[in-house]
Amino acid sequence: MIDAFLRVALATAIVGLASGAYGQAPTVQVNVDLVQLEVVVTDSKGNPVTDLKADEMEVFENGRARLLSHFSYIPEVFGSGVQPPGPVAPPGAGKPGPAPAATPGPVSKAGVARVVAIVVDDLGMDQRSFSEVRRALDRFLARGVQSGDLVALVSTSGRFGNLARLTNDPRLLREALGRFNSIPLGRWGVRELRCAADSAFSPKNAPDADAVAEAHYSRVTLTTLRRVVDGLRGYPGRKSILLFSEGLRAIEAFQARQGDQPLLDQYDALWAHANRSGVSVNTIDPRGLVPTAATAEDVSVEDACAMKLHTELVNTQLQLAEIARRTAGVAIRDTNDLPSAIRRVMADQSGYYLVGWRPPEARAVNRPKGARGVRNISIRLKRPGLIARFHSSLYANERQDVTQADSAHRLADAMLSPFTATDIGVRVSSRYWDAGEPDGFVFDVDLLINAGDCKFAEENGGRRRAELHVIATIWGAEETPLDTFERSYTISLTPAAYERALADGLVQRLQMRVKHHGGYQIRAAVQDRQSERLGSASDFVVVPDLKRVKLALSGIALMGAAPAGGPDEGTRQRYRRGETVTYTFQIMSAAAGAEDSRRVEVRAALYRSGAELGTSQPVTVESRGQPDPKRWVYSDSFRIGDQLPAGDYTLQITVVDRAQTDKPLTATQNVDFEVAQ
C-alpha cells in the first residue's frame, strides 16, 4: 500500500491486406450509423494508385457485400509533401540544427489531417540503435512537421511523460527528443550473455531470471502501445503509430507461436485493438543491416552464436512486419538510412481512398445498452496486381453533458494516456532507495504542480483557495496497477504563501515499498475542480538486481541548501539562479577491499537538451565509517550560475569502481530539475 501524505510545501519548491482477392480480415465495431474505411492502394512496387473507380472495389462485412454510400480519393493534403531535411547536427553535439522554416500555428481537432505518435521503444534498444534513431528523428522534426499535423514523441518506458504531448510545434518535439535517453537495464540489458567466444549461446545457459525480466519489459512495451492506440482513437484524420523497435526477444519463435503465452496473447490483442480503433502501426527496425551469418563449414562457438543471433533477428523482424501488416501499416527493415525510412512512412500517411457504407438498420436497433457489435471486413479489388491496405474507423459524434462521473473518467483517462494533458503543468520525479532486507526498495515520488495553472478563488483576508483532485498509480508489467493513490483536497493560502506557490509550485509526495527488482512506471494526473482543467505526467524507474549487478546507484535526491540554523528544505525540482543544490544518492554493490571498505570515483555532469554544459573533476570516496558499506550514502552540492538560462536541466552522476584495474566498472544515474525565470 502506498504510504502517501499531502503537503503544500510553501517554504520549499516544490506525460488489413488485400491483393486482388479477399484480404486478411480486420474487425470493426458497428454500433454506429456510418462505417468508414481509409484504404491505401498501391501497385506491386509500392507506388500509390489514385485512379480507382468505386465499381473496382468491393467491400464485404461478414462475407456479405455492402453497398457503398461514399467513395472518394483524398489526395495528399500537405502541398509538396514531406521535404527531405537538410543536414542537422545530432542532439547533444553542441551545434543546433537548422530552425524550421516556420512554426506551425495551433491545430484544432477539426483541422487535423494527420495524427502521428512516434514511439521509441527505449526499453528494448541498444545504445547504438538509440543514437541512430535520435539523429534521424532530429532531422525529421527539423522540417518534416506539416500544417494539419499533430505529432507526439513517446517512449515505451514513459520517461519524460510531461513532454509527450500532441503538437505541431517542432520546437517542443525537439526539446522532448533532446531529453530522451536509452534504458541500459531494459530488455537489451537483462541478458549479458549474448555472443562470447568462450561460451556457447544456448537458451539453457540464460538464467530463468533473465527470461522473466525480458518478458516483463516486453509486456510494459505492449501496454504502452495499447495506451497510445487509446489516445489516438478519438482524433479525426489519418491516425498512425511510427514505432522504432528491435522486437520482442521473449517471443522465441513467432511463426510457431512459441514463447511466453500471456505475452503472445497481449501481442495479438494489440493489433486487433489498433484495427478496431482505426490506427495503423508502422514499424522501423533501427538495427540496419546486421551481419550475423555463419559459415557452413565451421561449427565453432562464434558461428553457433552468430546463428543464434541471426535466428533472433529474423524472428523479431517477423513480429514487426506482422503487426504492420495486420494494421495496414508499413514495415521497414534492413536499412541504414533511417531518415529515408521515416520519409517513406510519412508519405504513406497522405493520399488514400475514403470508403463508407451504412450498416443494415436491423443490426443497429434493439441492441442492449452498452453492447458493441463486431463485424469482419474484407476488400476485393477487381483490377489485377493491386494491393489494398486498410484499417477500420468508427465515427460516433454524440454530445453529452459533463457529469461528475464524466469528470472522474476524464481524470483517470488523463492519468493512463501516454499523451500529456497540459492545461496544468505537472512533473513526476521518482527515485528508489535500497532499504536492505527485509524491507526491499523504497520509492519516493514527488508531483510538482504548477500553481499558476490552477484556479484560486479569493477569500476573506486576501487568502486564496484552490480545489484539486490528484490520482497517482504505480505499474509493473501487470495489467492492473500495483497501487493507487487518489485524493481530493482544498488548499487555502495567505497572500505571501500564494506568491511563493506561484513561483515554486505545489508538491504532492508519495512513498511506497516494492520487494523485487524490475521496471516501474509511475503515472499521475491532477484536476482543478473549479475549472475542470487537467494535467498529467509519468516517470519510469529501473531497480537493478543487486544480486547480479556489481555496481549500482540509487535514485538521486535534490535538496535546496538549508539556511544556517534553519530547517531542512526537503527535496525540490525547481530552483533559482544563485541557489546551492545538494544531491544525495546511494552507492551499492561496489567491490570490497581491505576491512570490507569500498572505494569509488564520483563525477557529476550537467546537461541541457542532451548537450553537456560542464563536468566536475572525479572525486574519490570510500565507505569507511558508513553504517552499511554495501549501500552507503554520498552527498555533494553545486551552485546554479547567475547566468544560467531558465529551463530544464539534467544532472548526471557517474561512479567508477577501479577495483578491477583491467576493466573498471561504471554506473550512472540521472535526475532532472528546472531553473525558474
# chains A, B, ... in the order shown; residues from 1 in each chain; ligands from 1
>>> select_by_dssp(residues="stretch 418-490 of chain A", states="strand (DSSP E)", output="PDB file with N, CA and C atoms, in the first residue's frame")
ATOM      1  N   VAL A 426       2.465  19.573 -14.770  1.00  0.00           N
ATOM      2  CA  VAL A 426       2.743  18.556 -13.750  1.00  0.00           C
ATOM      3  C   VAL A 426       4.068  17.881 -14.092  1.00  0.00           C
ATOM      4  N   ARG A 427       4.886  17.650 -13.077  1.00  0.00           N
ATOM      5  CA  ARG A 427       6.105  16.867 -13.227  1.00  0.00           C
ATOM      6  C   ARG A 427       6.090  15.728 -12.224  1.00  0.00           C
ATOM      7  N   VAL A 428       6.618  14.586 -12.632  1.00  0.00           N
ATOM      8  CA  VAL A 428       6.783  13.458 -11.717  1.00  0.00           C
ATOM      9  C   VAL A 428       8.279  13.206 -11.562  1.00  0.00           C
ATOM     10  N   SER A 429       8.758  13.213 -10.337  1.00  0.00           N
ATOM     11  CA  SER A 429      10.144  12.892 -10.044  1.00  0.00           C
ATOM     12  C   SER A 429      10.162  11.710  -9.085  1.00  0.00           C
ATOM     13  N   SER A 430      10.763  10.596  -9.527  1.00  0.00           N
ATOM     14  CA  SER A 430      10.733   9.358  -8.743  1.00  0.00           C
ATOM     15  C   SER A 430      12.164   8.863  -8.514  1.00  0.00           C
ATOM     16  N   ARG A 431      12.384   8.242  -7.390  1.00  0.00           N
ATOM     17  CA  ARG A 431      13.695   7.674  -7.079  1.00  0.00           C
ATOM     18  C   ARG A 431      13.493   6.526  -6.102  1.00  0.00           C
ATOM     19  N   TYR A 432      14.433   5.592  -6.130  1.00  0.00           N
ATOM     20  CA  TYR A 432      14.332   4.452  -5.225  1.00  0.00           C
ATOM     21  C   TYR A 432      15.561   4.411  -4.330  1.00  0.00           C
ATOM     22  N   TRP A 433      15.386   3.761  -3.174  1.00  0.00           N
ATOM     23  CA  TRP A 433      16.464   3.549  -2.222  1.00  0.00           C
ATOM     24  C   TRP A 433      16.441   2.088  -1.806  1.00  0.00           C
ATOM     25  N   ASP A 434      17.607   1.542  -1.604  1.00  0.00           N
ATOM     26  CA  ASP A 434      17.703   0.168  -1.118  1.00  0.00           C
ATOM     27  C   ASP A 434      17.660   0.206   0.407  1.00  0.00           C
ATOM     28  N   ALA A 435      16.568  -0.311   0.979  1.00  0.00           N
ATOM     29  CA  ALA A 435      16.410  -0.325   2.431  1.00  0.00           C
ATOM     30  C   ALA A 435      16.977  -1.584   3.056  1.00  0.00           C
ATOM     31  N   GLY A 436      17.469  -2.528   2.223  1.00  0.00           N
ATOM     32  CA  GLY A 436      18.027  -3.763   2.759  1.00  0.00           C
ATOM     33  C   GLY A 436      16.947  -4.757   3.139  1.00  0.00           C
ATOM     34  N   GLY A 440      13.279  -4.281   1.423  1.00  0.00           N
ATOM     35  CA  GLY A 440      13.276  -4.152  -0.030  1.00  0.00           C
ATOM     36  C   GLY A 440      13.641  -2.744  -0.462  1.00  0.00           C
ATOM     37  N   PHE A 441      12.906  -2.200  -1.433  1.00  0.00           N
ATOM     38  CA  PHE A 441      13.208  -0.906  -2.019  1.00  0.00           C
ATOM     39  C   PHE A 441      12.102   0.089  -1.681  1.00  0.00           C
ATOM     40  N   VAL A 442      12.508   1.309  -1.364  1.00  0.00           N
ATOM     41  CA  VAL A 442      11.570   2.388  -1.039  1.00  0.00           C
ATOM     42  C   VAL A 442      11.529   3.358  -2.216  1.00  0.00           C
ATOM     43  N   PHE A 443      10.333   3.680  -2.676  1.00  0.00           N
ATOM     44  CA  PHE A 443      10.142   4.666  -3.733  1.00  0.00           C
ATOM     45  C   PHE A 443       9.673   5.978  -3.115  1.00  0.00           C
ATOM     46  N   ASP A 444      10.361   7.054  -3.445  1.00  0.00           N
ATOM     47  CA  ASP A 444       9.897   8.400  -3.128  1.00  0.00           C
ATOM     48  C   ASP A 444       9.426   9.039  -4.425  1.00  0.00           C
ATOM     49  N   VAL A 445       8.211   9.564  -4.437  1.00  0.00           N
ATOM     50  CA  VAL A 445       7.626  10.158  -5.635  1.00  0.00           C
ATOM     51  C   VAL A 445       7.141  11.564  -5.295  1.00  0.00           C
ATOM     52  N   ASP A 446       7.599  12.557  -6.046  1.00  0.00           N
ATOM     53  CA  ASP A 446       7.154  13.936  -5.888  1.00  0.00           C
ATOM     54  C   ASP A 446       6.388  14.355  -7.140  1.00  0.00           C
ATOM     55  N   LEU A 447       5.197  14.904  -6.950  1.00  0.00           N
ATOM     56  CA  LEU A 447       4.440  15.503  -8.046  1.00  0.00           C
ATOM     57  C   LEU A 447       4.545  17.018  -7.903  1.00  0.00           C
ATOM     58  N   LEU A 448       5.169  17.665  -8.861  1.00  0.00           N
ATOM     59  CA  LEU A 448       5.282  19.120  -8.861  1.00  0.00           C
ATOM     60  C   LEU A 448       4.134  19.695  -9.683  1.00  0.00           C
ATOM     61  N   ILE A 449       3.299  20.499  -9.048  1.00  0.00           N
ATOM     62  CA  ILE A 449       2.098  21.054  -9.682  1.00  0.00           C
ATOM     63  C   ILE A 449       2.295  22.552  -9.875  1.00  0.00           C
ATOM     64  N   ALA A 457      -9.596  30.929  -5.901  1.00  0.00           N
ATOM     65  CA  ALA A 457     -10.650  31.887  -5.579  1.00  0.00           C
ATOM     66  C   ALA A 457     -10.219  32.744  -4.395  1.00  0.00           C
ATOM     67  N   GLU A 458     -10.632  34.011  -4.399  1.00  0.00           N
ATOM     68  CA  GLU A 458     -10.288  34.911  -3.309  1.00  0.00           C
ATOM     69  C   GLU A 458     -11.208  34.671  -2.121  1.00  0.00           C
ATOM     70  N   ARG A 464      -6.208  32.842  -0.629  1.00  0.00           N
ATOM     71  CA  ARG A 464      -6.561  32.227  -1.912  1.00  0.00           C
ATOM     72  C   ARG A 464      -6.847  30.744  -1.689  1.00  0.00           C
ATOM     73  N   ARG A 465      -7.900  30.251  -2.371  1.00  0.00           N
ATOM     74  CA  ARG A 465      -8.331  28.866  -2.165  1.00  0.00           C
ATOM     75  C   ARG A 465      -8.428  28.160  -3.520  1.00  0.00           C
ATOM     76  N   ALA A 466      -7.897  26.918  -3.576  1.00  0.00           N
ATOM     77  CA  ALA A 466      -7.996  26.063  -4.764  1.00  0.00           C
ATOM     78  C   ALA A 466      -8.445  24.676  -4.343  1.00  0.00           C
ATOM     79  N   GLU A 467      -9.144  23.993  -5.259  1.00  0.00           N
ATOM     80  CA  GLU A 467      -9.617  22.627  -5.011  1.00  0.00           C
ATOM     81  C   GLU A 467      -9.010  21.720  -6.079  1.00  0.00           C
ATOM     82  N   LEU A 468      -8.232  20.733  -5.634  1.00  0.00           N
ATOM     83  CA  LEU A 468      -7.542  19.842  -6.553  1.00  0.00           C
ATOM     84  C   LEU A 468      -7.907  18.389  -6.262  1.00  0.00           C
ATOM     85  N   HIS A 469      -7.850  17.591  -7.323  1.00  0.00           N
ATOM     86  CA  HIS A 469      -8.042  16.153  -7.215  1.00  0.00           C
ATOM     87  C   HIS A 469      -6.816  15.499  -7.838  1.00  0.00           C
ATOM     88  N   VAL A 470      -6.144  14.640  -7.092  1.00  0.00           N
ATOM     89  CA  VAL A 470      -4.900  14.013  -7.536  1.00  0.00           C
ATOM     90  C   VAL A 470      -5.078  12.499  -7.574  1.00  0.00           C
ATOM     91  N   ILE A 471      -4.607  11.884  -8.652  1.00  0.00           N
ATOM     92  CA  ILE A 471      -4.582  10.431  -8.739  1.00  0.00           C
ATOM     93  C   ILE A 471      -3.194  10.020  -9.233  1.00  0.00           C
ATOM     94  N   ALA A 472      -2.607   9.022  -8.589  1.00  0.00           N
ATOM     95  CA  ALA A 472      -1.294   8.507  -8.981  1.00  0.00           C
ATOM     96  C   ALA A 472      -1.309   6.996  -8.869  1.00  0.00           C
ATOM     97  N   THR A 473      -0.642   6.347  -9.805  1.00  0.00           N
ATOM     98  CA  THR A 473      -0.595   4.881  -9.816  1.00  0.00           C
ATOM     99  C   THR A 473       0.826   4.406 -10.079  1.00  0.00           C
ATOM    100  N   ILE A 474       1.134   3.226  -9.578  1.00  0.00           N
ATOM    101  CA  ILE A 474       2.422   2.577  -9.790  1.00  0.00           C
ATOM    102  C   ILE A 474       2.164   1.285 -10.547  1.00  0.00           C
ATOM    103  N   TRP A 475       2.883   1.080 -11.658  1.00  0.00           N
ATOM    104  CA  TRP A 475       2.670  -0.071 -12.533  1.00  0.00           C
ATOM    105  C   TRP A 475       3.948  -0.873 -12.680  1.00  0.00           C
ATOM    106  N   ASP A 483      -0.443  -0.249  -7.093  1.00  0.00           N
ATOM    107  CA  ASP A 483      -1.078   0.526  -6.045  1.00  0.00           C
ATOM    108  C   ASP A 483      -1.582   1.839  -6.622  1.00  0.00           C
ATOM    109  N   THR A 484      -2.555   2.437  -5.956  1.00  0.00           N
ATOM    110  CA  THR A 484      -3.186   3.672  -6.422  1.00  0.00           C
ATOM    111  C   THR A 484      -3.352   4.635  -5.259  1.00  0.00           C
ATOM    112  N   PHE A 485      -3.044   5.874  -5.509  1.00  0.00           N
ATOM    113  CA  PHE A 485      -3.311   6.943  -4.553  1.00  0.00           C
ATOM    114  C   PHE A 485      -4.287   7.916  -5.193  1.00  0.00           C
ATOM    115  N   GLU A 486      -5.335   8.298  -4.483  1.00  0.00           N
ATOM    116  CA  GLU A 486      -6.306   9.253  -5.010  1.00  0.00           C
ATOM    117  C   GLU A 486      -6.839  10.090  -3.859  1.00  0.00           C
ATOM    118  N   ARG A 487      -6.862  11.396  -4.071  1.00  0.00           N
ATOM    119  CA  ARG A 487      -7.338  12.262  -3.005  1.00  0.00           C
ATOM    120  C   ARG A 487      -7.806  13.600  -3.559  1.00  0.00           C
ATOM    121  N   SER A 488      -8.893  14.116  -3.010  1.00  0.00           N
ATOM    122  CA  SER A 488      -9.342  15.479  -3.276  1.00  0.00           C
ATOM    123  C   SER A 488      -9.035  16.325  -2.052  1.00  0.00           C
ATOM    124  N   TYR A 489      -8.639  17.558  -2.259  1.00  0.00           N
ATOM    125  CA  TYR A 489      -8.309  18.391  -1.128  1.00  0.00           C
ATOM    126  C   TYR A 489      -8.451  19.858  -1.502  1.00  0.00           C
ATOM    127  N   THR A 490      -8.516  20.690  -0.480  1.00  0.00           N
ATOM    128  CA  THR A 490      -8.631  22.137  -0.629  1.00  0.00           C
ATOM    129  C   THR A 490      -7.386  22.798  -0.063  1.00  0.00           C
TER     130      THR A 490
END
>>> closest_residue(among="A:Leu551, A:Thr580, A:Gln617, A:Gln255", to="A:Asp657", atoms="only C-alpha atoms")
A:Leu551
>>> closest_residue(among="A:Ala412, A:Gly124, A:Val49, A:Gly178", to="A:Arg523", atoms="only C-alpha atoms")
A:Ala412
>>> closest_residue(among="A:Leu163, A:Leu263, A:Val542, A:Ala524", to="A:Val212", atoms="only C-alpha atoms")
A:Leu263
>>> residues_around(residues="A:Glu322", least_positions_apart="2", cutoff="12 Å", atoms="only C-alpha atoms", output="CSV table (one decimal) with all heavy atoms, in the first residue's frame")
chain,number,residue,atom,x,y,z
A,16,GLY,N,-5.4,-4.1,-42.5
A,16,GLY,CA,-5.8,-5.4,-43.3
A,16,GLY,C,-5.2,-5.5,-44.7
A,16,GLY,O,-5.0,-4.5,-45.3
A,17,LEU,N,-4.8,-6.5,-45.2
A,17,LEU,CA,-4.3,-6.5,-46.5
A,17,LEU,C,-5.3,-7.2,-47.5
A,17,LEU,O,-5.9,-8.2,-47.2
A,17,LEU,CB,-3.0,-7.3,-46.5
A,17,LEU,CG,-1.7,-6.6,-46.0
A,17,LEU,CD1,-0.6,-7.6,-46.0
A,17,LEU,CD2,-1.4,-5.4,-46.9
A,24,GLN,N,-6.9,-10.1,-45.6
A,24,GLN,CA,-6.9,-10.6,-44.2
A,24,GLN,C,-7.9,-9.7,-43.5
A,24,GLN,O,-7.8,-8.5,-43.5
A,24,GLN,CB,-5.5,-10.5,-43.6
A,24,GLN,CG,-5.4,-10.9,-42.2
A,24,GLN,CD,-4.6,-12.1,-42.1
A,24,GLN,OE1,-3.8,-12.4,-43.0
A,24,GLN,NE2,-4.7,-12.9,-41.0
A,247,GLY,N,11.9,-5.4,-31.7
A,247,GLY,CA,11.1,-6.5,-31.5
A,247,GLY,C,11.2,-7.1,-30.1
A,247,GLY,O,11.9,-6.6,-29.2
A,254,PHE,N,8.2,-16.8,-33.3
A,254,PHE,CA,6.9,-16.1,-33.6
A,254,PHE,C,6.0,-16.9,-34.5
A,254,PHE,O,4.8,-17.1,-34.2
A,254,PHE,CB,7.2,-14.7,-34.2
A,254,PHE,CG,6.0,-13.9,-34.5
A,254,PHE,CD1,5.2,-13.4,-33.5
A,254,PHE,CD2,5.7,-13.7,-35.9
A,254,PHE,CE1,4.0,-12.7,-33.9
A,254,PHE,CE2,4.5,-13.0,-36.2
A,254,PHE,CZ,3.7,-12.5,-35.2
A,255,GLN,N,6.5,-17.4,-35.6
A,255,GLN,CA,5.7,-18.1,-36.5
A,255,GLN,C,5.1,-19.4,-35.9
A,255,GLN,O,4.0,-19.8,-36.2
A,255,GLN,CB,6.4,-18.4,-37.8
A,255,GLN,CG,6.6,-17.1,-38.7
A,255,GLN,CD,7.2,-17.5,-40.0
A,255,GLN,OE1,8.2,-18.2,-40.1
A,255,GLN,NE2,6.7,-16.9,-41.1
A,267,TYR,N,0.2,-9.5,-27.4
A,267,TYR,CA,0.6,-9.1,-28.7
A,267,TYR,C,-0.6,-9.1,-29.7
A,267,TYR,O,-0.8,-8.2,-30.5
A,267,TYR,CB,1.8,-9.9,-29.2
A,267,TYR,CG,2.3,-9.7,-30.6
A,267,TYR,CD1,3.3,-8.8,-30.8
A,267,TYR,CD2,1.7,-10.3,-31.7
A,267,TYR,CE1,3.8,-8.5,-32.1
A,267,TYR,CE2,2.2,-10.1,-32.9
A,267,TYR,CZ,3.2,-9.2,-33.1
A,267,TYR,OH,3.7,-8.9,-34.4
A,268,ASP,N,-1.3,-10.2,-29.7
A,268,ASP,CA,-2.4,-10.4,-30.6
A,268,ASP,C,-3.5,-9.4,-30.3
A,268,ASP,O,-4.1,-8.8,-31.2
A,268,ASP,CB,-3.0,-11.8,-30.5
A,268,ASP,CG,-2.0,-12.8,-31.1
A,268,ASP,OD1,-1.1,-12.5,-31.9
A,268,ASP,OD2,-2.2,-14.0,-30.7
A,270,LEU,N,-3.1,-6.4,-29.1
A,270,LEU,CA,-2.7,-5.1,-29.6
A,270,LEU,C,-3.1,-4.8,-31.0
A,270,LEU,O,-3.7,-3.8,-31.3
A,270,LEU,CB,-1.2,-4.9,-29.4
A,270,LEU,CG,-0.6,-3.7,-30.0
A,270,LEU,CD1,-1.1,-2.4,-29.3
A,270,LEU,CD2,1.0,-3.7,-30.0
A,271,TRP,N,-2.7,-5.7,-31.9
A,271,TRP,CA,-3.1,-5.3,-33.3
A,271,TRP,C,-4.6,-5.4,-33.6
A,271,TRP,O,-5.1,-4.6,-34.4
A,271,TRP,CB,-2.3,-6.3,-34.3
A,271,TRP,CG,-2.7,-7.7,-34.3
A,271,TRP,CD1,-2.0,-8.7,-33.8
A,271,TRP,CD2,-3.8,-8.3,-35.0
A,271,TRP,NE1,-2.6,-9.9,-34.1
A,271,TRP,CE2,-3.7,-9.7,-34.8
A,271,TRP,CE3,-4.9,-7.8,-35.7
A,271,TRP,CZ2,-4.7,-10.6,-35.2
A,271,TRP,CZ3,-5.9,-8.7,-36.1
A,271,TRP,CH2,-5.8,-10.0,-35.9
A,272,ALA,N,-5.3,-6.2,-32.9
A,272,ALA,CA,-6.7,-6.3,-33.0
A,272,ALA,C,-7.3,-5.0,-32.5
A,272,ALA,O,-8.3,-4.4,-33.1
A,272,ALA,CB,-7.3,-7.5,-32.3
A,281,VAL,N,-0.2,0.9,-37.5
A,281,VAL,CA,1.1,0.8,-36.8
A,281,VAL,C,2.2,0.5,-37.8
A,281,VAL,O,2.2,-0.5,-38.5
A,281,VAL,CB,1.1,-0.3,-35.7
A,281,VAL,CG1,2.5,-0.4,-35.0
A,281,VAL,CG2,0.0,-0.2,-34.7
A,282,ASN,N,3.1,1.5,-38.0
A,282,ASN,CA,4.2,1.4,-39.0
A,282,ASN,C,5.5,1.1,-38.1
A,282,ASN,O,5.7,1.7,-37.1
A,282,ASN,CB,4.4,2.7,-39.7
A,282,ASN,CG,3.1,3.1,-40.5
A,282,ASN,OD1,2.8,2.6,-41.5
A,282,ASN,ND2,2.4,4.0,-39.9
A,283,THR,N,6.3,0.2,-38.6
A,283,THR,CA,7.4,-0.3,-37.8
A,283,THR,C,8.7,0.0,-38.6
A,283,THR,O,8.8,-0.3,-39.8
A,283,THR,CB,7.3,-1.7,-37.4
A,283,THR,OG1,7.3,-2.6,-38.6
A,283,THR,CG2,6.1,-2.0,-36.6
A,315,ASN,N,13.4,-13.6,-36.3
A,315,ASN,CA,12.2,-13.7,-35.5
A,315,ASN,C,11.6,-12.4,-35.1
A,315,ASN,O,10.4,-12.2,-35.2
A,315,ASN,CB,12.5,-14.6,-34.3
A,315,ASN,CG,11.3,-14.8,-33.4
A,315,ASN,OD1,10.3,-15.3,-33.9
A,315,ASN,ND2,11.4,-14.5,-32.1
A,316,THR,N,12.4,-11.5,-34.6
A,316,THR,CA,11.9,-10.2,-34.2
A,316,THR,C,11.5,-9.3,-35.4
A,316,THR,O,10.5,-8.6,-35.3
A,316,THR,CB,13.0,-9.4,-33.4
A,316,THR,OG1,14.2,-9.4,-34.2
A,316,THR,CG2,13.3,-10.1,-32.1
A,317,GLN,N,12.1,-9.5,-36.5
A,317,GLN,CA,11.7,-8.7,-37.7
A,317,GLN,C,10.3,-9.2,-38.2
A,317,GLN,O,9.5,-8.5,-38.7
A,317,GLN,CB,12.7,-8.8,-38.8
A,317,GLN,CG,14.0,-8.0,-38.5
A,317,GLN,CD,15.0,-8.0,-39.6
A,317,GLN,OE1,15.0,-9.0,-40.4
A,317,GLN,NE2,15.8,-7.0,-39.7
A,318,LEU,N,10.1,-10.6,-38.1
A,318,LEU,CA,8.8,-11.1,-38.5
A,318,LEU,C,7.7,-10.5,-37.6
A,318,LEU,O,6.6,-10.2,-38.1
A,318,LEU,CB,8.8,-12.6,-38.3
A,318,LEU,CG,9.5,-13.4,-39.4
A,318,LEU,CD1,9.6,-14.9,-39.1
A,318,LEU,CD2,8.8,-13.2,-40.8
A,319,GLN,N,8.0,-10.3,-36.3
A,319,GLN,CA,7.0,-9.7,-35.4
A,319,GLN,C,6.6,-8.3,-35.9
A,319,GLN,O,5.4,-8.0,-36.0
A,319,GLN,CB,7.5,-9.7,-34.0
A,319,GLN,CG,7.9,-11.0,-33.3
A,319,GLN,CD,8.7,-10.7,-32.1
A,319,GLN,OE1,8.6,-9.7,-31.4
A,319,GLN,NE2,9.5,-11.7,-31.7
A,320,LEU,N,7.6,-7.5,-36.1
A,320,LEU,CA,7.4,-6.1,-36.5
A,320,LEU,C,6.6,-6.1,-37.9
A,320,LEU,O,5.7,-5.2,-38.1
A,320,LEU,CB,8.7,-5.4,-36.6
A,320,LEU,CG,9.5,-5.3,-35.3
A,320,LEU,CD1,10.9,-4.6,-35.6
A,320,LEU,CD2,8.7,-4.4,-34.3
A,324,ALA,N,2.6,-4.6,-38.5
A,324,ALA,CA,2.3,-3.6,-39.6
A,324,ALA,C,1.3,-4.1,-40.6
A,324,ALA,O,0.4,-3.4,-41.0
A,324,ALA,CB,3.6,-3.2,-40.2
A,325,ARG,N,1.5,-5.4,-41.0
A,325,ARG,CA,0.6,-5.9,-42.0
A,325,ARG,C,-0.8,-6.0,-41.4
A,325,ARG,O,-1.8,-5.7,-42.1
A,325,ARG,CB,1.1,-7.3,-42.4
A,325,ARG,CG,0.3,-8.0,-43.5
A,325,ARG,CD,0.8,-9.4,-43.8
A,325,ARG,NE,0.5,-10.3,-42.8
A,325,ARG,CZ,-0.7,-11.0,-42.7
A,325,ARG,NH1,-1.6,-10.8,-43.6
A,325,ARG,NH2,-0.9,-11.9,-41.8
A,326,ARG,N,-1.0,-6.4,-40.2
A,326,ARG,CA,-2.3,-6.6,-39.6
A,326,ARG,C,-3.0,-5.2,-39.4
A,326,ARG,O,-4.3,-5.2,-39.3
A,326,ARG,CB,-2.1,-7.2,-38.2
A,326,ARG,CG,-1.6,-8.6,-38.2
A,326,ARG,CD,-2.8,-9.6,-38.5
A,326,ARG,NE,-2.4,-11.0,-38.2
A,326,ARG,CZ,-3.2,-12.0,-38.2
A,326,ARG,NH1,-4.5,-11.8,-38.5
A,326,ARG,NH2,-2.8,-13.2,-38.0
A,327,THR,N,-2.3,-4.1,-39.4
A,327,THR,CA,-2.9,-2.8,-39.1
A,327,THR,C,-2.8,-1.9,-40.3
A,327,THR,O,-3.0,-0.7,-40.1
A,327,THR,CB,-2.3,-2.2,-37.8
A,327,THR,OG1,-0.9,-2.0,-38.0
A,327,THR,CG2,-2.5,-3.1,-36.6
A,328,ALA,N,-2.5,-2.4,-41.4
A,328,ALA,CA,-2.4,-1.6,-42.7
A,328,ALA,C,-1.3,-0.6,-42.6
A,328,ALA,O,-1.3,0.5,-43.2
A,328,ALA,CB,-3.7,-0.8,-42.9
A,329,GLY,N,-0.2,-1.0,-41.9
A,329,GLY,CA,1.0,-0.2,-41.8
A,329,GLY,C,2.1,-0.6,-42.7
A,329,GLY,O,1.9,-1.5,-43.5
A,330,VAL,N,3.2,0.1,-42.6
A,330,VAL,CA,4.4,-0.2,-43.4
A,330,VAL,C,5.5,-0.7,-42.5
A,330,VAL,O,5.7,-0.1,-41.4
A,330,VAL,CB,4.9,1.0,-44.2
A,330,VAL,CG1,6.2,0.8,-44.9
A,330,VAL,CG2,3.8,1.5,-45.2
A,331,ALA,N,6.2,-1.8,-42.9
A,331,ALA,CA,7.3,-2.3,-42.1
A,331,ALA,C,8.6,-2.1,-42.9
A,331,ALA,O,8.7,-2.5,-44.0
A,331,ALA,CB,7.1,-3.8,-41.8
A,332,ILE,N,9.6,-1.5,-42.2
A,332,ILE,CA,10.8,-1.2,-42.9
A,332,ILE,C,11.9,-1.8,-42.1
A,332,ILE,O,12.0,-1.7,-40.9
A,332,ILE,CB,11.1,0.3,-43.1
A,332,ILE,CG1,10.0,0.9,-43.9
A,332,ILE,CG2,12.4,0.6,-43.7
A,332,ILE,CD1,10.1,2.4,-44.1
>>> atom_distance(atom1="atom CA of A:Val290", atom2="atom CA of A:Glu312")
11.4 Å
>>> atom_distance(atom1="atom CA of A:Glu246", atom2="atom CA of A:Val229")
19.6 Å
>>> decode(residues="stretch 648-652 of chain A", atoms="N, CA, C and O atoms", output="short mmCIF file (atom, residue, chain, number, x, y, z; two decimals), in the first residue's frame")
data_model
loop_
_atom_site.label_atom_id
_atom_site.label_comp_id
_atom_site.auth_asym_id
_atom_site.auth_seq_id
_atom_site.Cartn_x
_atom_site.Cartn_y
_atom_site.Cartn_z
N ASP A 648 14.89 23.44 -18.48
CA ASP A 648 15.05 22.10 -17.90
C ASP A 648 16.49 21.64 -18.03
O ASP A 648 17.13 21.82 -19.08
N TYR A 649 17.00 20.98 -16.98
CA TYR A 649 18.37 20.50 -16.94
C TYR A 649 18.41 19.08 -16.40
O TYR A 649 17.47 18.63 -15.73
N THR A 650 19.49 18.39 -16.68
CA THR A 650 19.71 17.04 -16.18
C THR A 650 21.06 16.98 -15.47
O THR A 650 22.08 17.40 -16.04
N LEU A 651 21.06 16.49 -14.24
CA LEU A 651 22.29 16.21 -13.52
C LEU A 651 22.59 14.73 -13.67
O LEU A 651 21.76 13.88 -13.32
N GLN A 652 23.75 14.40 -14.20
CA GLN A 652 24.16 13.01 -14.37
C GLN A 652 25.32 12.69 -13.45
O GLN A 652 26.32 13.40 -13.43
#
